[in-house]
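Here is the file entry35.json (JSON, C-alpha atoms).
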```json
[["chain", "number", "residue", "atom", "x", "y", "z"],
["A", 17, "MET", "CA", 0.00, 0.00, 0.00],
["A", 18, "ALA", "CA", 1.30, 3.47, -0.88],
["A", 19, "GLN", "CA", 2.32, 5.74, 1.97],
["A", 20, "PRO", "CA", 0.84, 9.26, 2.10],
["A", 21, "ILE", "CA", 3.27, 12.06, 1.31],
["A", 22, "THR", "CA", 3.17, 15.57, 2.78],
["A", 23, "VAL", "CA", 4.37, 18.68, 0.98],
["A", 24, "PHE", "CA", 5.34, 22.05, 2.42],
["A", 25, "ALA", "CA", 5.66, 24.76, -0.26],
["A", 26, "TYR", "CA", 6.65, 28.33, 0.54],
["A", 27, "MET", "CA", 6.69, 31.43, -1.65],
["A", 28, "LYS", "CA", 6.88, 35.19, -1.27],
["A", 29, "ALA", "CA", 4.93, 37.62, -3.43],
["A", 30, "LYS", "CA", 6.64, 40.58, -4.98],
["A", 31, "PRO", "CA", 5.73, 43.78, -3.12],
["A", 32, "GLY", "CA", 2.29, 44.97, -4.16],
["A", 33, "ARG", "CA", 1.44, 41.68, -5.91],
["A", 34, "GLU", "CA", 0.28, 39.71, -2.86],
["A", 35, "ASP", "CA", -3.45, 40.15, -3.55],
["A", 36, "GLU", "CA", -3.08, 38.95, -7.15],
["A", 37, "LEU", "CA", -0.97, 35.99, -6.10],
["A", 38, "ARG", "CA", -3.36, 35.09, -3.27],
["A", 39, "ALA", "CA", -6.36, 35.15, -5.63],
["A", 40, "GLU", "CA", -4.64, 32.83, -8.08],
["A", 41, "MET", "CA", -3.45, 30.53, -5.29],
["A", 42, "LEU", "CA", -7.03, 30.22, -4.03],
["A", 43, "LYS", "CA", -8.10, 29.10, -7.51],
["A", 44, "VAL", "CA", -5.39, 26.43, -7.38],
["A", 45, "VAL", "CA", -6.71, 25.25, -4.00],
["A", 46, "ALA", "CA", -10.25, 24.82, -5.32],
["A", 47, "LEU", "CA", -9.10, 22.85, -8.37],
["A", 48, "THR", "CA", -6.53, 20.75, -6.54],
["A", 49, "ARG", "CA", -8.92, 19.62, -3.82],
["A", 50, "LYS", "CA", -10.92, 17.90, -6.57],
["A", 51, "GLU", "CA", -7.93, 15.87, -7.79],
["A", 52, "ALA", "CA", -7.77, 12.13, -7.22],
["A", 53, "GLY", "CA", -5.39, 11.34, -4.38],
["A", 54, "CYS", "CA", -5.56, 14.76, -2.72],
["A", 55, "LEU", "CA", -6.14, 14.21, 0.99],
["A", 56, "GLN", "CA", -5.46, 17.78, 2.13],
["A", 57, "TYR", "CA", -4.51, 20.99, 0.35],
["A", 58, "ASP", "CA", -4.44, 24.12, 2.48],
["A", 59, "LEU", "CA", -3.13, 27.61, 1.84],
["A", 60, "HIS", "CA", -1.71, 29.76, 4.63],
["A", 61, "VAL", "CA", -0.49, 33.35, 4.89],
["A", 62, "HIS", "CA", 2.21, 34.46, 7.32],
["A", 63, "THR", "CA", 0.94, 36.00, 10.57],
["A", 64, "THR", "CA", 2.79, 39.29, 10.14],
["A", 65, "ASP", "CA", 3.96, 39.37, 6.51],
["A", 66, "PRO", "CA", 1.10, 39.24, 3.97],
["A", 67, "THR", "CA", 3.56, 38.61, 1.12],
["A", 68, "ARG", "CA", 4.54, 35.18, 2.47],
["A", 69, "PHE", "CA", 2.42, 32.13, 1.66],
["A", 70, "ALA", "CA", 2.62, 28.42, 2.41],
["A", 71, "TYR", "CA", 0.82, 25.40, 1.03],
["A", 72, "TYR", "CA", 0.39, 22.36, 3.26],
["A", 73, "GLU", "CA", -0.55, 19.31, 1.20],
["A", 74, "THR", "CA", -1.10, 15.63, 1.80],
["A", 75, "TRP", "CA", -1.36, 13.14, -1.05],
["A", 76, "ASP", "CA", -2.24, 9.45, -0.91],
["A", 77, "SER", "CA", 0.91, 8.53, -2.86],
["A", 78, "GLU", "CA", 3.91, 9.87, -4.72],
["A", 79, "GLU", "CA", 2.11, 8.93, -7.94],
["A", 80, "SER", "CA", -0.83, 11.20, -7.08],
["A", 81, "LEU", "CA", 1.58, 14.03, -6.26],
["A", 82, "ALA", "CA", 3.36, 13.50, -9.59],
["A", 83, "ARG", "CA", 0.03, 13.68, -11.46],
["A", 84, "HIS", "CA", -0.80, 16.88, -9.57],
["A", 85, "ALA", "CA", 2.50, 18.43, -10.61],
["A", 86, "GLN", "CA", 1.55, 17.90, -14.27],
["A", 87, "ALA", "CA", -2.08, 19.02, -13.95],
["A", 88, "GLU", "CA", -3.20, 21.72, -16.38],
["A", 89, "HIS", "CA", -4.00, 24.20, -13.59],
["A", 90, "MET", "CA", -0.55, 23.69, -12.06],
["A", 91, "ASN", "CA", 1.15, 24.34, -15.40],
["A", 92, "ALA", "CA", -0.90, 27.53, -15.75],
["A", 93, "PHE", "CA", -0.04, 28.58, -12.19],
["A", 94, "ARG", "CA", 3.68, 28.03, -12.77],
["A", 95, "GLU", "CA", 3.49, 30.38, -15.75],
["A", 96, "PHE", "CA", 1.40, 32.95, -13.86],
["A", 97, "ARG", "CA", 3.62, 33.07, -10.81],
["A", 98, "LYS", "CA", 6.77, 33.93, -12.78],
["A", 99, "ASP", "CA", 5.90, 37.62, -12.52],
["A", 100, "MET", "CA", 4.40, 37.41, -9.04],
["A", 101, "VAL", "CA", 6.91, 35.57, -6.86],
["A", 102, "ASP", "CA", 9.92, 37.21, -5.25],
["A", 103, "GLY", "CA", 12.87, 34.85, -4.94],
["A", 104, "PRO", "CA", 12.97, 31.06, -5.05],
["A", 105, "ILE", "CA", 10.06, 28.81, -4.13],
["A", 106, "SER", "CA", 10.79, 26.21, -1.49],
["A", 107, "ILE", "CA", 9.09, 22.82, -1.90],
["A", 108, "ARG", "CA", 9.86, 20.01, 0.54],
["A", 109, "THR", "CA", 8.30, 16.55, 0.80],
["A", 110, "PHE", "CA", 7.99, 14.43, 3.93],
["A", 111, "LEU", "CA", 6.68, 11.06, 5.09],
["A", 112, "ARG", "CA", 4.81, 10.98, 8.39],
["A", 113, "ILE", "CA", 6.51, 8.87, 11.03],
["A", 114, "ALA", "CA", 4.23, 9.48, 14.03]]
```
Can the structure in the file be given as structure tokens, please?
Amino acid sequence: MAQPITVFAYMKAKPGREDELRAEMLKVVALTRKEAGCLQYDLHVHTTDPTRFAYYETWDSEESLARHAQAEHMNAFREFRKDMVDGPISIRTFLRIA
């Protein structure tokens, strides 16, 4: 049986672009939650810096995560965010141990 995989993804909006980025990220949330294998897909904003965002995701398998990465809405979001994100995006994957 496949083991669920958790993803933490962090990004920072360019100054003045946080509302645009947030709106697009919320669209991604709505579409992604409908994907097969998506167990959890939540968007967070930093408590004191509204330009910093984090996704917390849980997928039923690495295969489901790989399909998500190639989904049409994710390809569109990658293109959109090129002009919105300040600096590198951090994406880390983990397996739950407890």
At a cut-off of 10 Å, using all atoms listed in the file, what residues contact segment 88-96 of chain A? Leave out same-chain residues fewer than 6 positions from it and give the result as a compact mmCIF listing (two decimals) with C-alpha atoms, keeping the file's coordinate frame.
```txt
# COMPACT_ATOMS: atom_id res chain seq x y z
CA LEU A 37 -0.97 35.99 -6.10
CA GLU A 40 -4.64 32.83 -8.08
CA MET A 41 -3.45 30.53 -5.29
CA LYS A 43 -8.10 29.10 -7.51
CA VAL A 44 -5.39 26.43 -7.38
CA LEU A 47 -9.10 22.85 -8.37
CA THR A 48 -6.53 20.75 -6.54
```
Which of these, A:Glu34, A:Glu79, A:Glu73, A:Asp102, has the shortest distance to Leu59 of chain A once you count only C-alpha atoms?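 Nearest candidate to Leu59 of chain A out of A:Glu34, A:Glu79, A:Glu73, A:Asp102: A:Glu73.
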Atom CA of Val45 of chain A and atom CA of Thr74 of chain A, how far apart in Å?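 It comes out at 12.6 Å.
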Point (-3.9, 14.9, 0.8) neighbourhood (8 Å, only C-alpha atoms) written as JSON, numbers by chain: {"A": [20, 21, 22, 53, 54, 55, 56, 57, 73, 74, 75, 76]}
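Nearest residue to Gln19 of chain A among A:His62, A:Arg83, A:Arg112, A:Arg68 is A:Arg112, counting only C-alpha atoms.
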Record the distance separating atom CA of His84 of chain A and atom CA of Asp35 of chain A, expressed in Å with one decimal.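 Between atom CA of His84 of chain A and atom CA of Asp35 of chain A the gap works out to 24.2 Å.
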Could you check which of A:Val101, A:Tyr71, A:Ser80, A:Phe110 is closest to Tyr26 of chain A, using only C-alpha atoms?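 Closest residue, counting only C-alpha atoms: A:Tyr71.
Proximity to Met100 of chain A was assessed for A:Val23, A:Tyr72, A:Arg38, A:Ala18 counting only C-alpha atoms; the smallest distance is recorded for A:Arg38.
Among A:Arg33, A:His60, A:Lys28, A:Arg49, the residue with the shortest atom-to-atom distance to Pro104 of chain A, counting only C-alpha atoms, is A:Lys28.
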Between atom CA of Gly32 of chain A and atom CA of Thr109 of chain A, what is the spacing in Å? 29.5 Å
Work out where the centre of an axis-aligned box around every listed atom of segment 35-49 of chain A lies and how long its edges are once 5 Å is added on each side; give both in Å to one decimal as AutoDock Vina command-line options.
```
--center_x -5.6 --center_y 29.9 --center_z -5.8 --size_x 19.3 --size_y 30.5 --size_z 15.1
```
